[in-house]
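Novice: What follows is data-v3.tsv; its format and atoms are TSV, C-alpha atoms.
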chain	number	residue	atom	x	y	z
A	134	MET	CA	-21.32	-4.12	-24.15
A	135	ASN	CA	-23.50	-1.66	-22.24
A	136	LYS	CA	-21.27	0.78	-20.33
A	137	LYS	CA	-23.16	0.18	-17.05
A	138	LEU	CA	-22.73	-3.60	-17.37
A	139	LYS	CA	-19.07	-3.11	-18.30
A	140	TRP	CA	-18.45	-1.30	-14.99
A	141	LYS	CA	-20.74	-3.48	-12.84
A	142	TYR	CA	-18.06	-5.78	-11.40
A	143	PRO	CA	-15.25	-3.17	-11.30
A	144	ALA	CA	-17.61	-0.90	-9.32
A	145	LEU	CA	-18.43	-3.77	-6.96
A	146	PHE	CA	-14.71	-4.43	-6.48
A	147	LEU	CA	-14.12	-0.74	-5.71
A	148	LEU	CA	-16.96	-0.82	-3.15
A	149	LYS	CA	-15.22	-3.73	-1.43
A	150	VAL	CA	-11.90	-1.82	-1.48
A	151	GLY	CA	-13.52	1.26	0.03
A	152	ILE	CA	-15.22	-0.66	2.84
A	153	SER	CA	-12.03	-2.62	3.65
A	154	ASN	CA	-9.76	0.44	3.62
A	155	VAL	CA	-12.03	2.55	5.81
A	156	GLY	CA	-12.40	-0.40	8.18
A	157	ASP	CA	-8.64	-0.88	8.35
A	158	TRP	CA	-8.14	2.75	9.39
A	159	ILE	CA	-10.84	2.47	12.07
A	160	TYR	CA	-9.35	-0.75	13.43
A	161	PHE	CA	-5.72	0.38	13.52
A	162	LEU	CA	-6.34	3.82	15.05
A	163	ALA	CA	-8.66	2.30	17.65
A	164	LEU	CA	-6.13	-0.44	18.42
A	165	ASN	CA	-3.44	2.21	18.95
A	166	LEU	CA	-5.64	3.81	21.62
A	167	VAL	CA	-6.44	0.46	23.24
A	168	VAL	CA	-2.74	-0.38	23.57
A	169	LEU	CA	-1.83	3.13	24.75
A	170	ASN	CA	-4.61	3.16	27.36
A	171	MET	CA	-3.66	-0.32	28.51
A	172	THR	CA	0.09	0.28	28.85
A	173	GLY	CA	0.57	4.05	28.89
A	174	SER	CA	3.64	3.39	26.75
A	175	ALA	CA	4.34	5.01	23.37
A	176	LEU	CA	6.89	2.26	22.76
A	177	ALA	CA	4.13	-0.36	22.96
A	178	VAL	CA	2.25	1.50	20.22
A	179	VAL	CA	5.41	1.67	18.08
A	180	GLY	CA	5.52	-2.12	18.38
A	181	LEU	CA	2.25	-2.31	16.43
A	182	TYR	CA	3.95	-0.56	13.49
A	183	LEU	CA	6.81	-3.08	13.54
A	184	VAL	CA	4.44	-6.05	13.35
A	185	LYS	CA	3.52	-5.41	9.69
A	186	PRO	CA	7.04	-5.75	8.19
A	187	MET	CA	7.63	-8.68	10.55
A	188	ALA	CA	4.53	-10.38	9.13
A	189	VAL	CA	5.84	-9.85	5.60
A	190	LEU	CA	9.19	-11.42	6.56
A	191	LEU	CA	7.42	-14.47	7.98
A	192	THR	CA	4.94	-14.88	5.14
A	193	ASN	CA	6.10	-13.68	1.76
A	194	SER	CA	8.93	-16.15	1.13
A	195	TRP	CA	6.33	-18.92	0.63
A	196	ALA	CA	2.91	-17.25	0.26
A	197	GLY	CA	3.20	-16.57	-3.47
A	198	SER	CA	3.55	-20.27	-4.22
A	199	PHE	CA	0.15	-20.90	-2.62
A	200	ILE	CA	-1.51	-17.83	-4.14
A	201	ASP	CA	-0.66	-18.78	-7.74
A	202	ARG	CA	-1.97	-22.32	-7.20
A	203	LEU	CA	-5.27	-21.43	-5.52
A	204	ASN	CA	-8.44	-19.74	-6.70
A	205	LYS	CA	-7.85	-16.08	-5.88
A	206	ARG	CA	-11.53	-15.20	-5.37
A	207	MET	CA	-12.07	-17.98	-2.82
A	208	LEU	CA	-8.75	-17.17	-1.14
A	209	MET	CA	-9.79	-13.51	-0.76
A	210	ILE	CA	-13.18	-14.52	0.66
A	211	TRP	CA	-11.64	-16.78	3.32
A	212	LEU	CA	-8.89	-14.30	4.21
A	213	ASP	CA	-11.44	-11.50	4.76
A	214	LEU	CA	-13.62	-13.81	6.85
A	215	LEU	CA	-10.71	-15.03	8.97
A	216	ARG	CA	-9.37	-11.51	9.51
A	217	GLY	CA	-12.85	-10.36	10.50
A	218	ILE	CA	-13.19	-13.21	13.02
A	219	VAL	CA	-9.74	-12.66	14.57
A	220	ILE	CA	-10.27	-8.89	14.82
A	221	GLY	CA	-13.67	-9.56	16.39
A	222	PHE	CA	-11.95	-11.56	19.14
A	223	LEU	CA	-9.27	-8.91	19.81
A	224	PRO	CA	-11.26	-6.99	22.46
A	225	PHE	CA	-11.45	-10.17	24.56
A	226	PHE	CA	-7.67	-10.11	24.99
A	227	ILE	CA	-7.09	-6.44	25.85
A	228	GLU	CA	-5.60	-7.45	29.20
A	229	SER	CA	-2.67	-9.22	27.51
A	230	LEU	CA	-0.30	-7.16	25.37
A	231	SER	CA	1.61	-10.24	24.19
A	232	LEU	CA	-1.60	-11.91	22.95
A	233	ILE	CA	-2.59	-8.71	21.15
A	234	TYR	CA	0.77	-8.66	19.35
A	235	VAL	CA	0.37	-12.33	18.36
A	236	MET	CA	-3.13	-11.74	16.99
A	237	VAL	CA	-2.08	-8.56	15.16
A	238	LEU	CA	0.84	-10.50	13.66
A	239	PHE	CA	-1.57	-13.17	12.45
A	240	ILE	CA	-3.91	-10.50	11.01
A	241	ASN	CA	-1.01	-8.86	9.17
A	242	MET	CA	0.24	-12.20	7.85
A	243	MET	CA	-3.18	-12.76	6.29
A	244	ALA	CA	-3.12	-9.20	4.91
A	245	SER	CA	0.30	-9.80	3.31
A	246	ILE	CA	-1.15	-12.87	1.55
A	247	PHE	CA	-4.29	-10.97	0.58
A	248	GLU	CA	-2.48	-8.12	-1.20
A	249	PRO	CA	-0.81	-10.08	-4.06
A	250	ALA	CA	-3.89	-12.32	-4.37
A	251	SER	CA	-6.09	-9.23	-4.76
A	252	MET	CA	-3.69	-7.75	-7.32
A	253	SER	CA	-3.79	-10.92	-9.42
A	254	TYR	CA	-7.59	-11.13	-9.25
A	255	MET	CA	-8.03	-7.41	-10.02
A	256	THR	CA	-5.77	-7.65	-13.08
A	257	ARG	CA	-7.80	-10.58	-14.43
A	258	LEU	CA	-11.10	-8.83	-13.69
A	259	ILE	CA	-10.31	-5.52	-15.41
A	260	ALA	CA	-9.95	-5.46	-19.21
A	261	PRO	CA	-6.57	-4.03	-20.37
A	262	ASN	CA	-8.22	-1.02	-22.05
A	263	MET	CA	-9.98	-0.15	-18.76
A	264	ARG	CA	-7.00	-0.46	-16.44
A	265	LYS	CA	-5.80	3.13	-16.43
A	266	ARG	CA	-9.27	4.57	-15.75
A	267	PHE	CA	-10.04	1.89	-13.17
A	268	ASN	CA	-6.71	2.39	-11.38
A	269	SER	CA	-7.30	6.15	-11.19
A	270	VAL	CA	-10.68	5.55	-9.52
A	271	HIS	CA	-9.04	2.91	-7.30
A	272	SER	CA	-6.51	5.54	-6.16
A	273	PHE	CA	-9.36	7.97	-5.46
A	274	VAL	CA	-11.20	5.38	-3.34
A	275	SER	CA	-8.03	4.52	-1.42
A	276	SER	CA	-7.29	8.22	-0.92
A	277	GLY	CA	-10.82	8.82	0.32
A	278	ALA	CA	-10.31	6.12	2.93
A	279	PHE	CA	-7.28	8.09	4.18
A	280	LEU	CA	-9.64	10.89	5.22
A	281	VAL	CA	-12.89	9.04	5.86
A	282	GLY	CA	-11.31	6.33	8.05
A	283	PRO	CA	-9.76	8.66	10.66
A	284	ALA	CA	-12.82	10.96	10.52
A	285	VAL	CA	-15.22	8.08	11.21
A	286	THR	CA	-12.89	6.84	13.95
A	287	GLY	CA	-12.95	10.28	15.57
A	288	VAL	CA	-16.75	10.37	15.57
A	289	LEU	CA	-16.95	6.81	16.91
A	290	LEU	CA	-14.54	7.57	19.74
A	291	LEU	CA	-16.68	10.53	20.75
A	292	THR	CA	-19.77	8.36	21.04
A	293	ALA	CA	-18.44	4.86	21.73
A	294	SER	CA	-15.40	2.95	22.94
A	295	PRO	CA	-12.31	1.90	20.89
A	296	THR	CA	-13.44	-1.73	21.25
A	297	PHE	CA	-16.69	-0.89	19.45
A	298	ALA	CA	-14.64	0.60	16.60
A	299	ILE	CA	-12.66	-2.66	16.41
A	300	TYR	CA	-15.90	-4.66	16.21
A	301	LEU	CA	-17.02	-2.37	13.38
A	302	ASN	CA	-13.96	-3.29	11.31
A	303	ALA	CA	-14.63	-6.98	11.90
A	304	ILE	CA	-18.12	-6.45	10.47
A	305	ALA	CA	-16.65	-4.44	7.55
A	306	LEU	CA	-14.34	-7.33	6.60
A	307	ILE	CA	-17.22	-9.82	6.70
A	308	ILE	CA	-19.24	-7.50	4.43
A	309	ALA	CA	-16.19	-7.25	2.13
A	310	SER	CA	-16.04	-11.05	1.91
A	311	ILE	CA	-19.73	-11.17	0.92
A	312	ILE	CA	-19.11	-8.57	-1.81
A	313	THR	CA	-16.17	-10.65	-3.07
A	314	TRP	CA	-18.50	-13.67	-3.22
A	315	LEU	CA	-20.74	-11.63	-5.56
A	316	LEU	CA	-17.83	-11.01	-7.94
A	317	PRO	CA	-17.24	-13.38	-10.88
A	318	ASN	CA	-14.94	-16.38	-10.65
A	319	VAL	CA	-12.39	-15.26	-13.24
A	320	GLU	CA	-10.42	-18.50	-12.85
A	321	LYS	CA	-13.32	-20.93	-13.29
A	322	ASP	CA	-11.82	-22.29	-16.51
A	323	ASP	CA	-8.35	-22.76	-15.01
A	324	VAL	CA	-7.40	-26.31	-14.19
A	325	ILE	CA	-5.51	-26.58	-10.91
A	326	VAL	CA	-4.18	-30.07	-10.31
A	327	LYS	CA	-4.75	-31.10	-6.68
A	328	LYS	CA	-1.19	-32.36	-6.18
A	329	ASP	CA	0.16	-28.97	-7.29
A	330	ARG	CA	-1.39	-27.40	-4.18
A	331	ILE	CA	1.01	-29.34	-1.97
A	332	ILE	CA	3.95	-26.97	-1.56
A	333	THR	CA	7.25	-28.69	-0.92
A	334	ARG	CA	10.70	-27.27	-0.34
A	335	ALA	CA	11.62	-28.21	-3.92
A	336	ILE	CA	8.61	-26.30	-5.28
A	337	LEU	CA	9.49	-23.22	-3.21
A	338	LYS	CA	13.04	-23.34	-4.57
A	339	SER	CA	11.72	-23.75	-8.11
A	340	ASP	CA	9.33	-20.80	-7.66
A	341	TRP	CA	12.13	-18.55	-6.41
A	342	GLN	CA	14.18	-19.55	-9.46
A	343	THR	CA	11.20	-18.76	-11.69
A	344	VAL	CA	10.91	-15.25	-10.23
A	345	ILE	CA	14.66	-14.71	-10.61
A	346	MET	CA	14.52	-15.84	-14.26
A	347	TYR	CA	11.55	-13.55	-14.93
A	348	SER	CA	13.49	-10.66	-13.39
A	349	LEU	CA	16.58	-11.36	-15.50
A	350	ASN	CA	14.50	-11.62	-18.68
A	351	ASN	CA	12.56	-8.43	-17.93
A	352	ARG	CA	15.30	-6.16	-16.60
A	353	TYR	CA	13.68	-2.89	-17.69
A	354	VAL	CA	10.34	-3.74	-16.05
A	355	ILE	CA	12.09	-4.72	-12.82
A	356	THR	CA	14.28	-1.60	-12.93
A	357	ILE	CA	11.18	0.61	-13.11
A	358	TYR	CA	9.57	-1.43	-10.33
A	359	PHE	CA	12.44	-1.07	-7.88
A	360	LEU	CA	13.19	2.57	-8.71
A	361	PHE	CA	9.54	3.43	-8.06
A	362	THR	CA	9.18	1.41	-4.86
A	363	THR	CA	12.52	2.69	-3.55
A	364	VAL	CA	11.19	6.25	-3.75
A	365	MET	CA	7.51	5.80	-2.94
A	366	ILE	CA	7.70	3.03	-0.36
A	367	VAL	CA	11.18	2.47	1.07
A	368	LEU	CA	12.61	6.00	1.32
A	369	ALA	CA	9.20	7.61	1.86
A	370	SER	CA	8.52	5.28	4.82
A	371	ALA	CA	11.92	6.08	6.33
A	372	VAL	CA	11.45	9.85	5.96
A	373	ASP	CA	7.84	9.67	7.21
A	374	SER	CA	9.05	7.94	10.38
A	375	LEU	CA	10.73	11.25	11.31
A	376	GLU	CA	7.75	13.40	10.30
A	377	ALA	CA	6.35	14.04	13.78
A	378	SER	CA	9.79	14.74	15.27
A	379	PHE	CA	10.60	17.13	12.41
A	380	ALA	CA	7.32	19.01	12.80
A	381	LYS	CA	7.53	19.28	16.60
A	382	GLN	CA	11.26	19.71	17.22
A	383	VAL	CA	12.48	21.48	14.06
A	384	LEU	CA	9.48	23.52	12.91
A	385	LEU	CA	8.27	23.90	16.53
A	386	LEU	CA	4.65	23.30	15.56
A	387	SER	CA	1.93	22.86	18.17
A	388	ASP	CA	-0.20	19.72	18.22
A	389	SER	CA	-3.06	21.55	16.49
A	390	GLU	CA	-0.71	22.92	13.80
A	391	TYR	CA	0.70	19.47	13.18
A	392	GLY	CA	-2.83	18.09	12.93
A	393	PHE	CA	-3.68	20.79	10.38
A	394	LEU	CA	-0.54	19.86	8.44
A	395	VAL	CA	-1.82	16.29	8.14
A	396	THR	CA	-5.21	17.68	7.06
A	397	ILE	CA	-3.49	19.64	4.27
A	398	ALA	CA	-1.87	16.42	3.08
A	399	GLY	CA	-5.28	14.73	3.11
A	400	ALA	CA	-6.77	17.56	1.06
A	401	GLY	CA	-3.89	17.28	-1.41
A	402	ILE	CA	-4.49	13.55	-1.80
A	403	ILE	CA	-8.23	13.95	-2.40
A	404	ILE	CA	-7.88	16.86	-4.86
A	405	GLY	CA	-5.03	15.15	-6.70
A	406	ALA	CA	-6.91	11.85	-6.87
A	407	ALA	CA	-10.10	13.58	-8.10
A	408	ILE	CA	-8.25	15.40	-10.89
A	409	ASN	CA	-6.37	12.20	-11.68
A	410	THR	CA	-9.64	10.34	-12.34
A	411	LEU	CA	-10.60	13.03	-14.87
A	412	VAL	CA	-7.35	13.22	-16.83
A	413	ALA	CA	-5.62	9.85	-16.31
A	414	HIS	CA	-6.99	8.34	-19.54
A	415	LYS	CA	-5.37	11.19	-21.51
A	416	LEU	CA	-1.91	10.85	-19.92
A	417	ASN	CA	0.86	8.54	-21.02
A	418	ILE	CA	1.77	5.94	-18.39
A	419	SER	CA	5.44	6.97	-18.62
A	420	ILE	CA	4.53	10.56	-17.70
A	421	MET	CA	2.41	9.42	-14.79
A	422	VAL	CA	5.17	7.20	-13.39
A	423	GLY	CA	8.20	9.40	-14.07
A	424	VAL	CA	6.85	12.94	-13.68
A	425	GLY	CA	4.34	11.98	-10.95
A	426	THR	CA	7.03	10.38	-8.78
A	427	PHE	CA	9.46	13.25	-9.39
A	428	PHE	CA	6.92	15.83	-8.19
A	429	VAL	CA	6.12	13.75	-5.12
A	430	THR	CA	9.83	14.07	-4.34
A	431	VAL	CA	9.71	17.82	-5.04
A	432	GLY	CA	7.04	18.06	-2.35
A	433	TYR	CA	9.33	16.24	0.08
A	434	ILE	CA	12.18	18.63	-0.82
A	435	VAL	CA	10.02	21.71	-0.12
A	436	TYR	CA	8.96	20.15	3.19
A	437	ALA	CA	12.52	19.20	4.22
A	438	PHE	CA	13.92	22.69	3.58
A	439	SER	CA	10.91	24.53	5.03
A	440	ALA	CA	11.39	26.93	7.92
A	441	SER	CA	7.74	27.73	8.58
A	442	PHE	CA	4.30	26.18	8.68
A	443	PHE	CA	3.38	27.69	5.29
A	444	TYR	CA	6.21	26.06	3.34
A	445	ALA	CA	5.83	22.76	5.21
A	446	GLY	CA	2.13	22.78	4.28
A	447	LEU	CA	2.98	23.62	0.67
A	448	GLY	CA	5.40	20.71	0.53
A	449	PHE	CA	2.81	18.35	2.04
A	450	PHE	CA	0.19	19.46	-0.47
A	451	ILE	CA	2.50	19.02	-3.48
A	452	LEU	CA	3.66	15.53	-2.52
A	453	ALA	CA	0.14	14.41	-1.64
A	454	PHE	CA	-1.34	15.90	-4.83
A	455	PHE	CA	0.87	13.81	-7.13
A	456	ILE	CA	0.68	10.52	-5.22
A	457	ALA	CA	-2.47	9.30	-7.02
A	458	CYS	CA	-0.99	10.10	-10.44
A	459	ALA	CA	2.23	8.23	-9.72
A	460	ASN	CA	0.45	5.23	-8.17
A	461	THR	CA	-2.06	4.96	-11.03
A	462	GLY	CA	0.70	4.96	-13.64
A	463	PHE	CA	2.82	2.45	-11.78
A	464	LEU	CA	-0.08	0.09	-11.03
A	465	THR	CA	-1.09	0.07	-14.72
A	466	PHE	CA	2.51	-0.52	-15.79
A	467	TYR	CA	2.81	-3.42	-13.32
A	468	GLN	CA	-0.45	-5.02	-14.47
A	469	ASN	CA	0.54	-4.68	-18.11
A	470	HIS	CA	3.87	-6.47	-17.73
A	471	VAL	CA	3.62	-9.02	-14.92
A	472	PRO	CA	1.82	-12.25	-15.95
A	473	THR	CA	-1.25	-12.87	-13.79
A	474	ASN	CA	-0.28	-16.53	-13.31
A	475	MET	CA	2.94	-15.32	-11.62
A	476	MET	CA	1.68	-12.26	-9.73
A	477	GLY	CA	1.39	-14.12	-6.45
A	478	ARG	CA	5.01	-15.25	-6.46
A	479	ILE	CA	6.45	-12.06	-7.94
A	480	GLY	CA	4.39	-9.75	-5.69
A	481	SER	CA	5.15	-11.75	-2.54
A	482	ILE	CA	8.90	-12.02	-3.12
A	483	TYR	CA	9.27	-8.38	-4.17
A	484	ASN	CA	7.23	-7.25	-1.14
A	485	LEU	CA	9.55	-9.33	1.03
A	486	LEU	CA	12.57	-7.48	-0.37
A	487	GLU	CA	10.79	-4.14	0.15
A	488	ALA	CA	10.06	-5.00	3.79
A	489	ILE	CA	13.73	-5.81	4.39
A	490	LEU	CA	14.78	-2.53	2.76
A	491	ILE	CA	12.21	-0.55	4.78
A	492	ILE	CA	13.52	-2.01	8.05
A	493	VAL	CA	17.17	-1.39	7.09
A	494	VAL	CA	16.72	2.15	5.69
A	495	THR	CA	14.35	3.27	8.47
A	496	THR	CA	16.77	1.96	11.10
A	497	LEU	CA	19.72	3.70	9.41
A	498	LEU	CA	17.86	7.00	9.10
A	499	GLY	CA	16.59	6.79	12.68
A	500	GLY	CA	20.08	5.91	13.91
A	501	ALA	CA	21.53	8.87	12.00
A	502	THR	CA	19.56	11.23	14.26
A	503	LEU	CA	21.87	10.17	17.11
A	504	PHE	CA	24.79	11.81	15.29
A	505	LEU	CA	23.14	14.36	12.99
A	506	SER	CA	20.36	16.91	13.46
A	507	ILE	CA	16.83	15.82	12.56
A	508	ARG	CA	16.66	18.42	9.77
A	509	PHE	CA	19.92	17.25	8.19
A	510	THR	CA	18.81	13.63	8.46
A	511	VAL	CA	15.50	14.39	6.74
A	512	ILE	CA	17.31	16.41	4.05
A	513	LEU	CA	19.68	13.47	3.52
A	514	GLY	CA	16.70	11.15	3.06
A	515	VAL	CA	14.83	13.37	0.60
A	516	CYS	CA	18.02	14.03	-1.39
A	517	CYS	CA	18.32	10.27	-1.86
A	518	MET	CA	14.69	10.30	-3.00
A	519	LEU	CA	15.48	13.09	-5.47
A	520	ILE	CA	18.39	11.19	-7.00
A	521	VAL	CA	16.42	7.95	-7.41
A	522	SER	CA	13.33	9.74	-8.77
A	523	ALA	CA	15.50	11.63	-11.29
A	524	VAL	CA	16.92	8.30	-12.48
A	525	LEU	CA	13.37	6.94	-12.71
A	526	LEU	CA	12.23	9.97	-14.71
A	527	ALA	CA	15.14	9.55	-17.13
A	528	ALA	CA	14.39	5.83	-17.49
A	529	THR	CA	10.70	6.42	-18.28
A	530	ILE	CA	11.28	8.99	-21.04
A	531	LEU	CA	13.86	6.98	-22.99
A	532	PRO	CA	12.59	6.89	-26.62
A	533	SER	CA	13.81	3.30	-26.99
A	534	LYS	CA	11.54	2.19	-24.13
A	535	ARG	CA	8.37	3.93	-25.32
A	536	ASP	CA	6.66	0.65	-26.27
A	537	PHE	CA	6.87	-0.59	-22.67
A	538	PHE	CA	4.30	2.04	-21.69
A	539	THR	CA	1.82	1.32	-24.48
A	540	MET	CA	1.74	-2.46	-24.74
A	541	HIS	CA	0.56	-5.15	-22.35
A	542	ILE	CA	1.55	-8.77	-22.01
A	543	THR	CA	-0.79	-11.74	-22.38
A	544	ASP	CA	-0.79	-14.86	-20.23
In C-alpha cells, how does this file's structure come out?
Specialist:
Amino acid sequence: MNKKLKWKYPALFLLKVGISNVGDWIYFLALNLVVLNMTGSALAVVGLYLVKPMAVLLTNSWAGSFIDRLNKRMLMIWLDLLRGIVIGFLPFFIESLSLIYVMVLFINMMASIFEPASMSYMTRLIAPNMRKRFNSVHSFVSSGAFLVGPAVTGVLLLTASPTFAIYLNAIALIIASIITWLLPNVEKDDVIVKKDRIITRAILKSDWQTVIMYSLNNRYVITIYFLFTTVMIVLASAVDSLEASFAKQVLLLSDSEYGFLVTIAGAGIIIGAAINTLVAHKLNISIMVGVGTFFVTVGYIVYAFSASFFYAGLGFFILAFFIACANTGFLTFYQNHVPTNMMGRIGSIYNLLEAILIIVVTTLLGGATLFLSIRFTVILGVCCMLIVSAVLLAATILPSKRDFFTMHITD
C-alpha cells in the first residue's frame, strides 16, 4: 500500500484529536474565568475540577456495556455533536452557578463515555505494526495542545470575551464530529443484534464478571496497567494538586516565576514528544514503559527536593520530557493486549477505579498538609511514586515477560 494512503485515515484521526484537545483547553480555561468573574470565589473554580471524577463515578459503571454494543464511530460522532451543542448553550446560563455545574457534569459524563469508545475505535483503525509510531505522534499532538490551547486562549481573551472562547470550542467539537464522519466505519462487518443493545441489570452484572475474569486470566497485563496508572495518573494527580502551594509557599516564587515554571514544563513536553516521534519505533515497549515512567518520577523527586527555581525547573523539564515516551509505550502495550471487543467495558471500569483512587489519594495528601509541612507532604507523595515506578521498572525488564512487549493479541 502507498505510504500516503496508509497514513490517510490515521492522519485524519490525529487532526480530529488536535482540534478537540485544543478546543478543550480553550473551553475549560475560559470557563474557569467565567465562574471566577461571576462568583469571585476560588472555591467555585475548584468545584469545576471535582466535576470530572464525579462524572466518571456516575457513568463508568455502566457505560462500557453500551460502548461495546454500539458502533464506536457513530457513538463518537453523536457525543462530539452533543458536547458541542451543550457547550454552545453554556454562556446562556452564566447567571446560575448550579446550572453551570449541572451542564459541566453532563459534558464530562459524555467525555468519560467518549474516551474508551475512542480508544477502541483507534485500536481497530491502526494496524498493529503502525501502533508505536502512531502513538508517538498522538502523544506529540496531545502535548502540542497543552501549549497551543492556553496560548490561543490567552490571545482570545485579549481580543474577545471568555464566552466567545466557549463558543469556539463548541464549533471545534462540531468540526471534530464531521472529521469523524469522514473516517472509515471499521465495524461495518460486525453484527450487533438489536436486543443486545438493551442493557439490563443482569447484563451489567455479567459484564462486570467478564472484566473480572479477564483481569484474573491476564494478571501480568493488569499489574502493568495499575502500576503505570498509579504513578502517572493517581499519585501524579495528587502531587500536582499541591503544585501551586509548593511553588508559592515553599519555593517562594512570584506569579511570573511560577508561570515560567509551567512554561518550562510545556517546553519539556514538546521537546520530549518531538524526540519520541523520531526514536519510538527503535525502542522496546518495555523500555518506554519502565524506564520512561521511572524518569518521570525522577523529575518529580528533583522538584520535591528543590530549594530554588533552577532545580524546580530542572525537575519539571525532566518529568515533562519523559511523559510522551512513557505514555506511548503504555498505550501500545494496552492496545496490544486488551481485546477491542472488550475495551469499552475494561476501559470504563478501570477508569472508574482510577477516579476513586484519585479522589481518595488526593484527599489524603491534601489532608496531610494540615498536620505536615507542604514540602514533607510532597516528598511523601513522590517517594510513593518512586517505589511504585521502581516496581514497574523491575516488572517490565523481567526476561520471562519479554514476549508480552513484542506480541499482540487478536480478537
Novice: Go ahead and find all residues with at least one atom no further than 12 Å from (9.8, -22.1, -6.0) in the file's coordinates, using all atoms listed in the file; report them as a PyMOL selection string.
Specialist: chain A and resi 194-199+201-202+329+332-346+475+477-479+481-482
Novice: Give the answer as one residue: which of A:Ile357, A:Cys516, A:Gln468, A:Leu416 has the shortest atom-to-atom distance to Ile434 in chain A, using all atoms listed in the file?
Specialist: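 Answer, going by the shortest atom-to-atom distance: A:Cys516.
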Novice: Which residue out of A:Val412, A:Leu375, A:Val285, A:Ile240 has the minimum interatomic distance to Val270 in chain A when all atoms listed in the file are used?
Specialist: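 Selected residue with least distance to Val270 in chain A: A:Val412.
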Novice: Between CA of Ser441 in chain A and CA of Leu384 in chain A, what is the distance, to one decimal in Å?
Specialist: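 So the answer is 6.3 Å.
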Novice: Which residue gives the smallest distance to Arg257 in chain A among A:Asn474, A:Thr292, A:Ser275, A:Asn351, with all atoms listed in the file counted?
Specialist: A:Asn474
Novice: Please provide the set of residues having any atom within 12 Å of Val168 in chain A, restricted to all atoms listed in the file, with same-chain residues fewer than 2 positions apart removed, written as an NGL selection string.
Specialist: :A and (161-166 or 170-181 or 223-224 or 226-234 or 237 or 295-296)
Novice: Let me make sure I understand: among A:Val167, A:Ile312, A:Val364, A:Ala244, which one has the smallest atom-to-atom distance to Leu490 in chain A if we use all atoms listed in the file?
Specialist: A:Val364
Novice: Mind giving me the straight-line distance from CA of Ala371 in chain A to CA of Gly282 in chain A in Å, one decimal?
Specialist: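 Computing it gives 23.3 Å between the two atoms.
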Novice: Quick one: what's the axis-aligned box for range 420-437 of chain A, all listed atoms, 5 Å on every side, centre and edges in Å to one decimal, as JSON?
Specialist:
{"center_x": 7.5, "center_y": 14.5, "center_z": -6.7, "size_x": 20.1, "size_y": 24.5, "size_z": 31.9}
Novice: How about completing range 300-311 of chain A with N, CA and C atoms and giving it to me as a short mmCIF file (atom, residue, chain, number, x, y, z; two decimals), keeping the file's coordinate frame?
Specialist:
data_model
loop_
_atom_site.label_atom_id
_atom_site.label_comp_id
_atom_site.auth_asym_id
_atom_site.auth_seq_id
_atom_site.Cartn_x
_atom_site.Cartn_y
_atom_site.Cartn_z
N TYR A 300 -14.81 -3.78 16.65
CA TYR A 300 -15.90 -4.66 16.21
C TYR A 300 -16.44 -4.22 14.84
N LEU A 301 -16.50 -2.91 14.64
CA LEU A 301 -17.02 -2.37 13.38
C LEU A 301 -16.17 -2.81 12.20
N ASN A 302 -14.84 -2.84 12.40
CA ASN A 302 -13.96 -3.29 11.31
C ASN A 302 -14.14 -4.78 11.04
N ALA A 303 -14.38 -5.55 12.09
CA ALA A 303 -14.63 -6.98 11.90
C ALA A 303 -15.86 -7.18 11.02
N ILE A 304 -16.90 -6.38 11.28
CA ILE A 304 -18.12 -6.45 10.47
C ILE A 304 -17.83 -6.02 9.03
N ALA A 305 -17.00 -4.95 8.88
CA ALA A 305 -16.65 -4.44 7.55
C ALA A 305 -15.95 -5.51 6.71
N LEU A 306 -15.05 -6.28 7.33
CA LEU A 306 -14.34 -7.33 6.60
C LEU A 306 -15.28 -8.47 6.20
N ILE A 307 -16.25 -8.77 7.06
CA ILE A 307 -17.22 -9.82 6.70
C ILE A 307 -18.10 -9.35 5.54
N ILE A 308 -18.48 -8.06 5.56
CA ILE A 308 -19.24 -7.50 4.43
C ILE A 308 -18.40 -7.55 3.16
N ALA A 309 -17.09 -7.22 3.29
CA ALA A 309 -16.19 -7.25 2.13
C ALA A 309 -16.10 -8.66 1.55
N SER A 310 -16.10 -9.67 2.40
CA SER A 310 -16.04 -11.05 1.91
C SER A 310 -17.31 -11.43 1.16
N ILE A 311 -18.46 -10.91 1.61
CA ILE A 311 -19.73 -11.17 0.92
C ILE A 311 -19.72 -10.50 -0.46
#
